[in-house]
$ cat input22.txt   # compact mmCIF, C-alpha atoms and all ligand atoms
# COMPACT_ATOMS: atom_id res chain seq x y z
CA MET A 1 131.55 96.77 80.11
CA SER A 2 132.58 94.51 82.93
CA LEU A 3 131.48 94.77 86.56
CA GLU A 4 135.02 95.71 87.50
CA SER A 5 135.32 98.61 85.07
CA VAL A 6 131.83 99.96 85.87
CA SER A 7 132.52 99.73 89.57
CA ARG A 8 135.92 101.43 89.21
CA MET A 9 134.44 104.29 87.17
CA GLU A 10 131.47 104.76 89.51
CA SER A 11 133.75 104.92 92.53
CA LYS A 12 135.52 107.89 90.92
CA LEU A 13 132.57 109.61 89.26
CA LEU A 14 129.45 109.22 91.41
CA LEU A 15 128.55 110.71 94.75
CA PRO A 16 129.26 107.89 97.17
CA THR A 17 125.62 107.49 98.27
CA TYR A 18 125.17 103.78 97.55
CA ASP A 19 126.84 100.66 98.83
CA ARG A 20 126.02 98.41 95.86
CA GLN A 21 126.23 94.63 95.73
CA PRO A 22 128.98 93.52 93.32
CA ILE A 23 126.58 92.47 90.56
CA LEU A 24 126.06 94.03 87.15
CA PHE A 25 122.57 93.22 85.91
CA VAL A 26 122.12 93.16 82.17
CA ARG A 27 118.63 91.76 81.55
CA GLY A 28 115.47 90.48 83.14
CA ARG A 29 112.43 88.40 82.28
CA GLY A 30 109.50 87.59 84.55
CA VAL A 31 110.71 86.90 88.06
CA TYR A 32 114.34 86.44 86.96
CA LEU A 33 117.34 88.70 86.40
CA TRP A 34 120.64 87.86 84.72
CA ASP A 35 124.03 89.39 85.48
CA SER A 36 126.94 90.13 83.15
CA ARG A 37 128.44 86.71 83.87
CA GLY A 38 125.26 84.90 82.85
CA ASN A 39 124.14 84.04 86.39
CA GLN A 40 120.39 83.87 86.97
CA TYR A 41 118.70 85.43 90.02
CA LEU A 42 115.21 84.96 91.42
CA ASP A 43 114.00 88.48 92.20
CA PHE A 44 112.17 88.63 95.55
CA LEU A 45 112.69 92.37 95.94
CA SER A 46 111.38 93.81 92.61
CA GLY A 47 113.79 96.75 92.68
CA ILE A 48 112.37 97.67 96.12
CA GLY A 49 108.74 97.11 95.24
CA VAL A 50 108.80 98.62 91.76
CA ASN A 51 108.79 95.76 89.23
CA ALA A 52 105.44 94.45 90.41
CA LEU A 53 104.76 92.67 87.10
CA GLY A 54 108.28 91.26 86.98
CA HIS A 55 110.78 92.17 84.30
CA ASN A 56 110.00 92.74 80.66
CA HIS A 57 106.28 92.11 81.02
CA PRO A 58 104.82 91.94 77.48
CA ALA A 59 102.01 94.45 78.16
CA ILE A 60 104.46 96.94 79.66
CA GLN A 61 107.01 96.39 76.91
CA GLY A 62 104.25 96.87 74.31
CA ALA A 63 103.00 100.11 75.94
CA ILE A 64 106.54 101.52 76.13
CA ARG A 65 107.27 100.68 72.50
CA ARG A 66 103.95 102.03 71.27
CA GLN A 67 104.10 105.25 73.21
CA ALA A 68 107.83 105.91 72.79
CA SER A 69 107.35 105.86 69.04
CA ARG A 70 104.48 108.38 69.28
CA LEU A 71 105.12 110.90 72.08
CA ILE A 72 107.28 110.91 75.21
CA HIS A 73 106.95 114.39 76.69
CA VAL A 74 104.83 117.50 76.24
CA SER A 75 105.06 119.24 79.68
CA ASN A 76 102.05 120.09 81.78
CA LEU A 77 101.34 123.19 79.72
CA PHE A 78 99.36 121.00 77.30
CA PHE A 79 96.98 118.05 77.33
CA HIS A 80 97.86 114.52 76.34
CA GLU A 81 95.64 111.47 76.14
CA TYR A 82 96.60 109.56 79.27
CA GLN A 83 96.55 111.64 82.50
CA ALA A 84 92.76 111.83 82.63
CA GLU A 85 92.32 108.10 81.96
CA LEU A 86 94.95 107.17 84.55
CA ALA A 87 93.35 109.51 87.08
CA ARG A 88 89.97 107.88 86.35
CA LEU A 89 91.41 104.46 87.13
CA LEU A 90 93.18 105.64 90.30
CA THR A 91 90.16 107.46 91.68
CA GLY A 92 87.99 104.47 90.82
CA ILE A 93 90.06 102.08 92.94
CA SER A 94 90.83 104.47 95.81
CA GLY A 95 87.47 106.12 96.53
CA LEU A 96 89.22 109.49 96.17
CA ASP A 97 88.35 112.17 93.64
CA ARG A 98 91.41 113.91 92.24
CA VAL A 99 95.01 113.19 91.33
CA PHE A 100 98.29 115.06 90.90
CA PHE A 101 101.05 113.26 88.99
CA CYS A 102 104.75 113.63 89.74
CA ASN A 103 107.98 111.65 89.30
CA SER A 104 108.78 109.75 92.49
CA GLY A 105 107.70 108.76 95.96
CA THR A 106 109.42 111.59 97.74
CA GLU A 107 107.97 114.12 95.32
CA ALA A 108 104.47 112.76 95.90
CA TRP A 109 105.04 113.08 99.64
CA GLU A 110 106.34 116.66 99.31
CA GLY A 111 103.23 117.57 97.36
CA ALA A 112 101.01 115.96 100.01
CA LEU A 113 102.71 118.06 102.71
CA LYS A 114 102.14 121.21 100.69
CA LEU A 115 98.52 120.18 100.15
CA VAL A 116 97.76 119.79 103.88
CA ARG A 117 99.33 123.15 104.71
CA ALA A 118 97.43 124.84 101.88
CA PHE A 119 94.18 123.17 102.97
CA ALA A 120 94.62 124.38 106.54
CA GLN A 121 95.44 127.86 105.35
CA MET A 122 92.35 128.05 103.19
CA ASN A 123 89.91 126.50 105.64
CA HIS A 124 90.96 127.71 109.06
CA THR A 125 91.33 131.20 110.37
CA ASN A 126 94.40 130.00 112.24
CA GLY A 127 95.82 128.21 109.18
CA HIS A 128 98.05 130.97 108.00
CA LYS A 129 99.43 132.30 111.27
CA PRO A 130 103.05 131.40 111.78
CA ASN A 131 103.44 129.44 114.98
CA PRO A 132 106.11 130.98 117.19
CA ASN A 133 107.18 127.52 118.32
CA PRO A 134 105.92 125.06 115.73
CA ASN A 135 107.64 122.04 117.24
CA SER A 136 105.82 122.34 120.52
CA ASN A 137 102.55 120.71 121.42
CA SER A 138 101.55 124.29 121.76
CA ASN A 139 98.57 126.25 122.84
CA SER A 140 99.26 128.58 119.91
CA ASN A 141 96.36 128.61 117.50
CA SER A 142 98.44 128.19 114.34
CA LYS A 143 97.13 125.21 112.36
CA THR A 144 100.39 124.16 110.72
CA ARG A 145 101.59 121.26 112.83
CA ILE A 146 102.04 117.88 111.19
CA LEU A 147 101.98 114.68 113.22
CA ALA A 148 104.28 112.06 111.72
CA MET A 149 105.22 108.62 113.00
CA GLU A 150 108.36 107.38 114.66
CA ASN A 151 110.14 104.74 112.57
CA SER A 152 108.55 106.00 109.35
CA PHE A 153 110.20 106.63 105.99
CA HIS A 154 108.85 109.10 103.43
CA GLY A 155 111.81 109.90 101.19
CA ARG A 156 114.95 111.98 100.86
CA THR A 157 113.81 115.51 100.04
CA PHE A 158 113.56 118.08 102.82
CA GLY A 159 109.88 117.82 103.68
CA ALA A 160 109.96 114.05 103.41
CA LEU A 161 113.03 113.94 105.64
CA ALA A 162 111.41 116.27 108.15
CA THR A 163 108.53 113.80 108.52
CA THR A 164 110.69 110.67 108.45
CA GLY A 165 110.77 109.30 111.98
CA GLN A 166 114.28 107.87 111.88
CA PRO A 167 116.97 110.25 113.18
CA LYS A 168 119.74 108.63 111.12
CA TYR A 169 118.21 109.96 107.90
CA ARG A 170 117.54 113.45 109.24
CA ALA A 171 120.63 114.18 111.32
CA PRO A 172 123.14 115.12 108.56
CA PHE A 173 120.78 117.68 107.04
CA VAL A 174 119.32 119.71 109.90
CA PRO A 175 117.69 122.18 110.14
CA LEU A 176 114.72 120.65 108.36
CA MET A 177 111.18 121.90 107.78
CA PRO A 178 109.73 123.00 111.14
CA GLY A 179 106.29 122.09 112.46
CA VAL A 180 106.59 118.30 112.68
CA THR A 181 105.88 116.34 115.85
CA PHE A 182 106.63 112.61 115.99
CA VAL A 183 104.15 110.20 117.54
CA LYS A 184 105.11 106.74 118.79
CA PHE A 185 103.87 104.40 116.07
CA ASN A 186 100.78 102.49 117.18
CA ASP A 187 100.69 104.24 120.59
CA LEU A 188 97.12 105.44 121.07
CA ASP A 189 97.88 107.52 124.16
CA ASP A 190 100.76 109.31 122.47
CA LEU A 191 98.56 110.16 119.50
CA ARG A 192 95.78 111.45 121.77
CA ARG A 193 98.28 113.49 123.78
CA LYS A 194 99.87 115.15 120.76
CA PHE A 195 96.75 115.81 118.72
CA ASP A 196 95.22 119.25 119.20
CA SER A 197 93.75 122.11 117.18
CA SER A 198 97.21 123.13 115.89
CA VAL A 199 97.47 119.88 113.90
CA CYS A 200 96.71 120.13 110.18
CA ALA A 201 97.56 116.50 109.30
CA VAL A 202 98.29 113.07 110.70
CA CYS A 203 100.71 111.24 108.42
CA ILE A 204 101.06 107.46 108.47
CA GLU A 205 102.61 104.76 106.31
CA THR A 206 99.84 102.16 106.40
CA ILE A 207 102.57 99.55 106.52
CA GLN A 208 105.99 100.96 107.39
CA GLY A 209 108.25 99.49 104.73
CA GLU A 210 111.78 100.69 105.25
CA GLY A 211 111.07 100.60 108.98
CA GLY A 212 110.81 96.80 108.83
CA ILE A 213 107.34 95.98 107.43
CA GLN A 214 105.43 97.22 110.47
CA PRO A 215 101.68 97.46 109.83
CA VAL A 216 99.71 100.16 111.58
CA ASN A 217 97.32 98.67 114.18
CA LYS A 218 93.64 98.86 113.38
CA GLU A 219 92.89 100.70 116.65
CA PHE A 220 95.58 103.27 115.95
CA LEU A 221 94.43 103.97 112.38
CA ASP A 222 90.81 104.14 113.59
CA LEU A 223 91.82 106.70 116.20
CA ALA A 224 93.78 108.76 113.65
CA SER A 225 90.75 108.61 111.38
CA GLN A 226 88.33 109.65 114.17
CA LEU A 227 90.54 112.52 115.35
CA THR A 228 90.97 113.92 111.86
CA LYS A 229 87.36 113.37 110.79
CA THR A 230 85.72 115.42 113.55
CA THR A 231 84.40 118.61 112.01
CA GLN A 232 86.06 120.84 114.58
CA SER A 233 89.51 119.30 114.06
CA GLY A 234 89.73 120.04 110.33
CA ALA A 235 92.91 117.99 110.16
CA LEU A 236 93.60 115.55 107.34
CA LEU A 237 94.55 111.89 107.40
CA VAL A 238 97.45 111.35 104.99
CA LEU A 239 98.54 107.81 104.15
CA ASP A 240 101.83 106.97 102.48
CA GLU A 241 101.16 103.94 100.28
CA ILE A 242 104.23 104.41 98.12
CA GLN A 243 105.52 100.96 99.07
CA CYS A 244 102.42 99.14 100.32
CA GLY A 245 99.86 100.45 97.82
CA LEU A 246 98.72 99.43 94.32
CA GLY A 247 98.12 95.74 94.90
CA ARG A 248 101.15 94.90 97.02
CA THR A 249 98.99 93.67 99.93
CA GLY A 250 96.38 91.92 97.80
CA ARG A 251 94.02 94.90 97.78
CA HIS A 252 94.41 98.03 95.70
CA PHE A 253 95.46 99.92 98.84
CA ALA A 254 96.60 98.67 102.23
CA TYR A 255 94.10 100.99 104.00
CA GLN A 256 91.31 98.97 102.37
CA HIS A 257 92.14 96.16 104.81
CA TYR A 258 91.16 98.48 107.67
CA GLY A 259 87.93 100.09 106.52
CA VAL A 260 89.19 103.68 106.85
CA GLN A 261 89.04 106.34 104.16
CA PRO A 262 91.98 108.76 104.10
CA ASP A 263 91.90 112.35 102.84
CA VAL A 264 95.19 112.10 100.99
CA VAL A 265 97.14 109.09 99.69
CA THR A 266 100.53 108.96 98.00
CA VAL A 267 101.62 106.24 95.58
CA ALA A 268 104.64 105.68 93.35
CA LYS A 269 106.92 102.64 93.17
CA PRO A 270 105.03 100.11 90.98
CA LEU A 271 102.79 102.65 89.25
CA ALA A 272 104.74 102.74 85.97
CA CYS A 273 106.63 99.47 86.48
CA GLY A 274 110.09 101.05 86.65
CA LEU A 275 109.51 104.31 84.82
CA PRO A 276 109.44 107.24 87.23
CA LEU A 277 105.86 108.13 88.19
CA GLY A 278 104.25 109.08 91.48
CA ALA A 279 100.84 110.43 92.39
CA ILE A 280 98.93 112.22 95.11
CA LEU A 281 95.28 111.20 95.43
CA THR A 282 92.82 113.31 97.38
CA THR A 283 89.22 114.33 97.87
CA GLU A 284 87.27 117.03 96.06
CA ARG A 285 87.08 118.97 99.35
CA VAL A 286 90.86 119.04 99.79
CA ALA A 287 91.58 119.63 96.10
CA ARG A 288 89.70 122.92 96.27
CA CYS A 289 92.64 124.52 98.07
CA MET A 290 94.79 124.25 94.93
CA HIS A 291 94.74 126.60 91.97
CA PRO A 292 96.91 126.95 88.84
CA GLY A 293 100.50 127.85 89.61
CA MET A 294 100.52 126.60 93.23
CA HIS A 295 102.23 123.31 92.46
CA GLY A 296 103.67 121.63 89.40
CA THR A 297 106.37 119.60 87.70
CA THR A 298 108.05 119.57 84.31
CA PHE A 299 108.27 115.79 83.80
CA GLY A 300 105.55 114.41 86.09
CA GLY A 301 102.69 112.56 84.44
CA GLY A 302 104.08 112.57 80.91
CA PRO A 303 102.46 110.49 78.14
CA LEU A 304 104.97 107.64 78.31
CA THR A 305 104.76 107.01 82.06
CA CYS A 306 100.98 107.45 82.15
CA ALA A 307 100.38 105.11 79.19
CA VAL A 308 102.47 102.47 80.97
CA ALA A 309 100.69 103.03 84.30
CA ILE A 310 97.31 102.43 82.62
CA GLU A 311 98.58 99.01 81.47
CA PHE A 312 99.88 98.34 84.98
CA LEU A 313 96.54 99.10 86.62
CA HIS A 314 94.68 96.80 84.20
CA ALA A 315 97.11 93.99 85.09
CA GLU A 316 97.09 94.78 88.83
CA LYS A 317 93.33 94.38 89.05
CA LYS A 318 93.55 90.86 87.62
CA LEU A 319 96.38 89.90 89.97
CA LEU A 320 94.89 90.87 93.34
CA LYS A 321 93.43 87.42 94.02
CA HIS A 322 96.71 85.79 93.07
CA VAL A 323 98.65 88.16 95.37
CA ARG A 324 96.35 87.26 98.28
CA ALA A 325 96.65 83.52 97.61
CA LEU A 326 100.43 83.55 97.16
CA GLY A 327 100.75 85.93 100.10
CA ASN A 328 98.90 83.53 102.38
CA TYR A 329 100.99 80.62 101.10
CA PHE A 330 104.22 82.58 101.67
CA HIS A 331 103.12 83.78 105.12
CA ALA A 332 102.24 80.25 106.26
CA ALA A 333 105.62 78.97 105.06
CA LEU A 334 107.45 81.76 106.88
CA GLU A 335 105.49 81.01 110.04
CA ALA A 336 106.53 77.36 109.78
CA LEU A 337 110.16 78.56 109.62
CA ASP A 338 109.50 80.79 112.62
CA LYS A 339 108.52 77.70 114.65
CA LYS A 340 111.69 75.95 113.57
CA HIS A 341 114.31 78.70 114.01
CA LYS A 342 114.98 80.32 117.35
CA SER A 343 116.68 83.23 115.61
CA ILE A 344 113.39 84.35 114.06
CA GLN A 345 111.82 86.95 116.31
CA GLU A 346 108.77 87.64 114.23
CA VAL A 347 107.17 87.17 110.84
CA ARG A 348 105.13 90.16 109.65
CA GLY A 349 103.28 91.20 106.55
CA VAL A 350 100.39 90.61 104.23
CA GLY A 351 100.04 89.91 100.51
CA LEU A 352 103.46 90.03 98.93
CA MET A 353 105.01 92.38 101.48
CA HIS A 354 106.71 90.33 104.15
CA ALA A 355 109.39 90.56 106.79
CA VAL A 356 111.30 88.11 108.90
CA GLU A 357 112.83 89.79 111.90
CA LEU A 358 115.95 88.05 113.17
CA ASP A 359 117.71 88.37 116.48
CA SER A 360 120.89 89.92 115.11
CA SER A 361 121.99 92.18 112.29
CA GLU A 362 125.03 89.93 111.59
CA LEU A 363 122.72 86.99 111.01
CA ALA A 364 120.44 89.08 108.77
CA LYS A 365 123.47 90.22 106.79
CA ALA A 366 124.85 86.68 106.46
CA VAL A 367 121.50 85.24 105.38
CA THR A 368 120.94 87.97 102.78
CA ARG A 369 124.47 87.39 101.43
CA GLN A 370 124.03 83.61 101.27
CA LEU A 371 120.71 83.92 99.46
CA LEU A 372 122.33 86.23 96.94
CA GLN A 373 125.14 83.75 96.39
CA GLU A 374 122.47 81.16 95.68
CA GLY A 375 120.80 83.49 93.20
CA ILE A 376 117.95 84.88 95.31
CA ILE A 377 117.51 88.62 95.79
CA ILE A 378 115.97 89.93 99.00
CA ASN A 379 117.14 92.79 101.19
CA ARG A 380 117.91 93.62 104.78
CA THR A 381 116.23 96.64 106.24
CA HIS A 382 116.23 98.10 109.73
CA GLU A 383 119.38 96.09 110.52
CA THR A 384 117.71 92.85 111.58
CA VAL A 385 114.82 92.52 109.15
CA LEU A 386 114.77 90.43 105.98
CA ARG A 387 112.40 92.12 103.55
CA PHE A 388 110.53 90.33 100.76
CA LEU A 389 108.77 92.34 98.03
CA PRO A 390 108.49 89.85 95.15
CA PRO A 391 106.73 90.60 91.86
CA TYR A 392 102.97 89.92 91.93
CA VAL A 393 103.47 87.22 89.28
CA ILE A 394 105.45 84.74 91.41
CA GLN A 395 104.30 81.12 91.64
CA LYS A 396 104.31 78.66 94.54
CA LYS A 397 107.47 77.03 93.20
CA HIS A 398 109.32 80.34 93.61
CA VAL A 399 108.12 80.66 97.20
CA ASP A 400 109.17 77.06 97.88
CA ARG A 401 112.65 77.77 96.56
CA VAL A 402 113.05 80.88 98.73
CA ILE A 403 111.77 79.11 101.85
CA LYS A 404 114.15 76.19 101.31
CA ALA A 405 117.11 78.53 100.77
CA LEU A 406 116.13 80.60 103.79
CA ASP A 407 115.86 77.51 105.96
CA THR A 408 119.36 76.41 104.94
CA ALA A 409 120.86 79.89 105.27
CA LEU A 410 119.41 80.29 108.76
CA GLN A 411 120.69 76.87 109.78
CA THR A 412 124.17 77.57 108.38
CA ASN A 413 124.50 81.00 109.93
CA GLU A 414 122.64 80.67 113.19
CA GLU A 415 125.78 79.80 115.13
CA ILE A 416 126.77 83.48 114.75
CA THR A 417 124.08 84.29 117.25
CA ARG A 418 124.05 80.97 119.10
CA GLY A 419 123.41 81.50 122.79
CA LYS A 420 120.92 84.29 122.25
CA LYS A 421 117.50 83.36 123.52
CA LYS A 422 114.33 83.92 121.60
CA THR A 423 112.74 86.86 123.37
CA ALA A 424 109.04 87.49 123.59
CA SER A 425 108.87 90.52 121.36
CA PRO A 426 106.11 93.06 122.02
CA GLN A 427 105.74 93.22 118.22
CA ARG A 428 104.51 89.64 118.09
CA LYS A 429 100.92 90.65 118.49
CA LYS A 430 101.08 92.54 115.18
CA LYS A 431 100.58 89.22 113.49
CA GLU A 432 96.91 89.96 114.16
CA PHE A 433 97.06 92.12 111.03
CA HIS A 434 96.35 88.98 109.11
CA ALA A 435 93.15 88.47 111.06
CA HIS A 436 91.56 91.73 110.04
CA ALA A 437 93.22 91.80 106.66
N1 LIG B 501 107.58 106.53 101.07
C1 LIG B 501 107.77 105.22 101.26
C2 LIG B 501 106.83 104.47 102.14
C3 LIG B 501 108.85 104.57 100.65
O1 LIG B 501 109.03 103.25 100.85
C4 LIG B 501 109.70 105.32 99.82
C5 LIG B 501 110.87 104.68 99.18
O2 LIG B 501 111.36 103.66 99.58
C6 LIG B 501 109.46 106.68 99.64
C7 LIG B 501 108.38 107.25 100.27
C8 LIG B 501 110.33 107.49 98.74
O3 LIG B 501 110.14 107.13 97.43
P1 LIG B 501 111.24 107.48 96.29
O4 LIG B 501 112.46 106.71 96.61
O5 LIG B 501 110.57 107.10 95.00
O6 LIG B 501 111.48 108.95 96.38

$ encode --input "input22.txt" --output "structure tokens" --more "lines below"
Ligand code: PLP
Amino acid sequence: MSLESVSRMESKLLLPTYDRQPILFVRGRGVYLWDSRGNQYLDFLSGIGVNALGHNHPAIQGAIRRQASRLIHVSNLFFHEYQAELARLLTGISGLDRVFFCNSGTEAWEGALKLVRAFAQMNHTNGHKPNPNPNSNSNSNSKTRILAMENSFHGRTFGALATTGQPKYRAPFVPLMPGVTFVKFNDLDDLRRKFDSSVCAVCIETIQGEGGIQPVNKEFLDLASQLTKTTQSGALLVLDEIQCGLGRTGRHFAYQHYGVQPDVVTVAKPLACGLPLGAILTTERVARCMHPGMHGTTFGGGPLTCAVAIEFLHAEKKLLKHVRALGNYFHAALEALDKKHKSIQEVRGVGLMHAVELDSSELAKAVTRQLLQEGIIINRTHETVLRFLPPYVIQKKHVDRVIKALDTALQTNEEITRGKKKTASPQRKKKEFHAHA
């Protein structure tokens, strides 16, 4: 089928939720994709952080073939060979004790929200009392309040939306789950002000992805960790590593750059390299609040996805050093561009999760479009931010090509914003992330 006919049919048959680029991809190999017209693309987005090993990786292909010919689904009413082994690998790299498998990022996040409420209910006399005004920073003793971050993104289901700190995603669907208070991201005073005994969890994306690759500050994460770890508080620290976890930053988890240990972590995107699989990781202490029947899923953690994820984790471990090296190389090259182009407001990121913030959304749009025309896939997020989430298997020559194309695209399109001055952005100091990374 041609792009035109697919696009025509989709426009009549699908809910109009996506504004797709006019490209019909038909195959991929390594860091490259090919469209229906035979054009080749260098993939620096990995299907939004999913295809971490690139396309058609032989180990992943092999695992899919092997497992698909043996057993795809059994439901969670029965055992299969791979959940326990995958959980062993995930707990081994995270320092956490137990795992729940599901199908996606948002589903992992929903489960994490249920977990923190259930934990509070089981462990605190005030856990189960409905709060008469759960959105207030109240003096009520109900321990149900969740602190979430402004500018965050946790997914599209109701709980995830309720904790997503970007009004544009929430507004069309109100009323959402009550009991969420938003804290200014990286604002220590705001966190201190809003944290009290009614809080059951502090929820943070270790590096905000959709929000423009904004890493949490070390001081802020330390404070969240201290507040939640005090015995009296009984609140949990929940980290969303759906985009930044599983090797993306050059460590297994982004929080491992900071020296904190969360109570709950969610992962998804790269876990099964494009097959739908998410997971909640937590401690033995927290896991005790769950019993059979409280939570579940029909598809989550099936034999096919888990067998593939085991292969992914073996490969991820071997690639961490490479991700760090290529990440540093990429970061240095982006910083050199930053010095050259007035339109660049800031370069952020670590490992193979990077952002270039520009001074206008039109410029960001034009640059993304030009790169695509030249066969390079990146994306624009948060209006002005160019986001790079390449596969972990890229080489220096791929980085060089992207930097060269970016340099040209900025030069060509900068006149759109000519006249705007480079402003001293308060975000600039976040580059320090690299120092304690
Ligand atoms: N959390 C984060 C940090 C994400 O980046 C995303 C997706 O982009 C989600 C949650 C939601 O994941 P999914 O789209 O798999 O539901």

$ residues_near_ligand --input "input22.txt" --ligand "ligand LIG 501 (chain B)" --cutoff "10 Å" --atoms "all atoms listed in the file" --output "number ranges by chain"
A: 48-50, 103-110, 152-157, 160-161, 164, 204-211, 213, 239-245, 266-270, 276-278

$ residues_around --input "input22.txt" --residues "Val202 in chain A" --least-positions-apart "6" --cutoff "8 Å" --atoms "all atoms listed in the file" --output "list in words"
Ile146, Leu147, Ala148, Ala224, Thr228, Ala235, Leu236, Leu237 and Val238 of chain A

$ atom_distance --input "input22.txt" --atom1 "CA of Ala63 in chain A" --atom2 "CA of Tyr41 in chain A"
25.7 Å

$ closest_residue --input "input22.txt" --among "A:Phe101, A:Asp196, A:Cys273, A:Ala309" --to "Asn56 in chain A" --atoms "all atoms listed in the file"
A:Cys273

$ closest_residue --input "input22.txt" --among "A:Lys342, A:Lys318, A:His252, A:Lys168" --to "Asp407 in chain A" --atoms "all atoms listed in the file"
A:Lys342

$ atom_distance --input "input22.txt" --atom1 "CA of Asn76 in chain A" --atom2 "CA of Gly111 in chain A"
15.8 Å

$ closest_residue --input "input22.txt" --among "A:Lys339, A:Arg88, A:Lys404, A:His295" --to "Ile376 in chain A" --atoms "only C-alpha atoms"
A:Lys404

$ closest_residue --input "input22.txt" --among "A:Gly259, A:Gly296, A:Pro22, A:Gly212" --to "Leu358 in chain A" --atoms "only C-alpha atoms"
A:Gly212

$ residues_near_point --input "input22.txt" --point "(105.4, 121.9, 81.5)" --cutoff "8 Å" --atoms "all atoms listed in the file" --output "list in words"
Val74, Ser75, Asn76, Leu77, Phe78, Thr297, Thr298 and Phe299 of chain A

$ write_last_selection --input "input22.txt" --atoms "C-alpha atoms" --output "JSON list (two decimals), keeping the file's coordinate frame"
[["chain", "number", "residue", "atom", "x", "y", "z"],
["A", 74, "VAL", "CA", 104.83, 117.50, 76.24],
["A", 75, "SER", "CA", 105.06, 119.24, 79.68],
["A", 76, "ASN", "CA", 102.05, 120.09, 81.78],
["A", 77, "LEU", "CA", 101.34, 123.19, 79.72],
["A", 78, "PHE", "CA", 99.36, 121.00, 77.30],
["A", 297, "THR", "CA", 106.37, 119.60, 87.70],
["A", 298, "THR", "CA", 108.05, 119.57, 84.31],
["A", 299, "PHE", "CA", 108.27, 115.79, 83.80]]

$ residues_around --input "input22.txt" --residues "Ala409 in chain A" --least-positions-apart "3" --cutoff "10 Å" --atoms "all atoms listed in the file" --output "list in words"
Leu363, Ala364, Ala366, Val367, Thr368, Arg369, Gln370, Leu371, Glu374, Ile403, Lys404, Ala405, Leu406, Thr412, Asn413 and Glu414 of chain A

$ residues_around --input "input22.txt" --residues "His291 in chain A" --least-positions-apart "3" --cutoff "12 Å" --atoms "all atoms listed in the file" --output "ChimeraX atom specification"
/A:115,118-119,122,286-288,294-296

$ atom_distance --input "input22.txt" --atom1 "CA of Asp43 in chain A" --atom2 "CA of Gly375 in chain A"
8.5 Å

$ residues_around --input "input22.txt" --residues "Val399 in chain A" --least-positions-apart "5" --cutoff "9 Å" --atoms "all atoms listed in the file" --output "PyMOL selection string"
chain A and resi 326+329-330+333+394+404

$ residues_near_point --input "input22.txt" --point "(98.7, 93.4, 98.3)" --cutoff "10 Å" --atoms "only C-alpha atoms" --output "JSON list (two decimals) with C-alpha atoms, keeping the file's coordinate frame"
[["chain", "number", "residue", "atom", "x", "y", "z"],
["A", 244, "CYS", "CA", 102.42, 99.14, 100.32],
["A", 245, "GLY", "CA", 99.86, 100.45, 97.82],
["A", 246, "LEU", "CA", 98.72, 99.43, 94.32],
["A", 247, "GLY", "CA", 98.12, 95.74, 94.90],
["A", 248, "ARG", "CA", 101.15, 94.90, 97.02],
["A", 249, "THR", "CA", 98.99, 93.67, 99.93],
["A", 250, "GLY", "CA", 96.38, 91.92, 97.80],
["A", 251, "ARG", "CA", 94.02, 94.90, 97.78],
["A", 252, "HIS", "CA", 94.41, 98.03, 95.70],
["A", 253, "PHE", "CA", 95.46, 99.92, 98.84],
["A", 254, "ALA", "CA", 96.60, 98.67, 102.23],
["A", 257, "HIS", "CA", 92.14, 96.16, 104.81],
["A", 316, "GLU", "CA", 97.09, 94.78, 88.83],
["A", 319, "LEU", "CA", 96.38, 89.90, 89.97],
["A", 320, "LEU", "CA", 94.89, 90.87, 93.34],
["A", 321, "LYS", "CA", 93.43, 87.42, 94.02],
["A", 322, "HIS", "CA", 96.71, 85.79, 93.07],
["A", 323, "VAL", "CA", 98.65, 88.16, 95.37],
["A", 324, "ARG", "CA", 96.35, 87.26, 98.28],
["A", 327, "GLY", "CA", 100.75, 85.93, 100.10],
["A", 349, "GLY", "CA", 103.28, 91.20, 106.55],
["A", 350, "VAL", "CA", 100.39, 90.61, 104.23],
["A", 351, "GLY", "CA", 100.04, 89.91, 100.51],
["A", 352, "LEU", "CA", 103.46, 90.03, 98.93],
["A", 353, "MET", "CA", 105.01, 92.38, 101.48],
["A", 392, "TYR", "CA", 102.97, 89.92, 91.93]]

$ axis_aligned_box --input "input22.txt" --around "range 103-107 of chain A" --padding-each-side "4 Å" --output "JSON"
{"center_x": 108.6, "center_y": 111.4, "center_z": 93.5, "size_x": 9.7, "size_y": 13.4, "size_z": 16.4}

$ residues_around --input "input22.txt" --residues "Asp187 in chain A" --least-positions-apart "4" --cutoff "8 Å" --atoms "all atoms listed in the file" --output "list in words"
Val183, Leu191 and Phe220 of chain A

$ closest_residue --input "input22.txt" --among "A:Pro215, A:Pro16, A:Gly92, A:Gly179" --to "Arg348 in chain A" --atoms "only C-alpha atoms"
A:Pro215

$ closest_residue --input "input22.txt" --among "A:His55, A:Lys143, A:Arg192, A:His382" --to "Val26 in chain A" --atoms "all atoms listed in the file"
A:His55

$ decode --input "input22.txt" --residues "range 5-16 of chain A" --atoms "C-alpha atoms" --output "compact mmCIF listing (two decimals), in the first residue's frame"
# COMPACT_ATOMS: atom_id res chain seq x y z
CA SER A 5 -3.75 5.30 0.36
CA VAL A 6 -2.76 4.49 3.97
CA SER A 7 -3.00 8.13 4.92
CA ARG A 8 -6.39 8.52 3.20
CA MET A 9 -7.79 5.44 4.95
CA GLU A 10 -6.41 6.43 8.36
CA SER A 11 -7.91 9.89 8.07
CA LYS A 12 -11.34 8.28 7.69
CA LEU A 13 -10.97 5.33 10.05
CA LEU A 14 -8.80 6.31 13.03
CA LEU A 15 -9.48 8.65 15.92
CA PRO A 16 -7.64 11.80 14.91
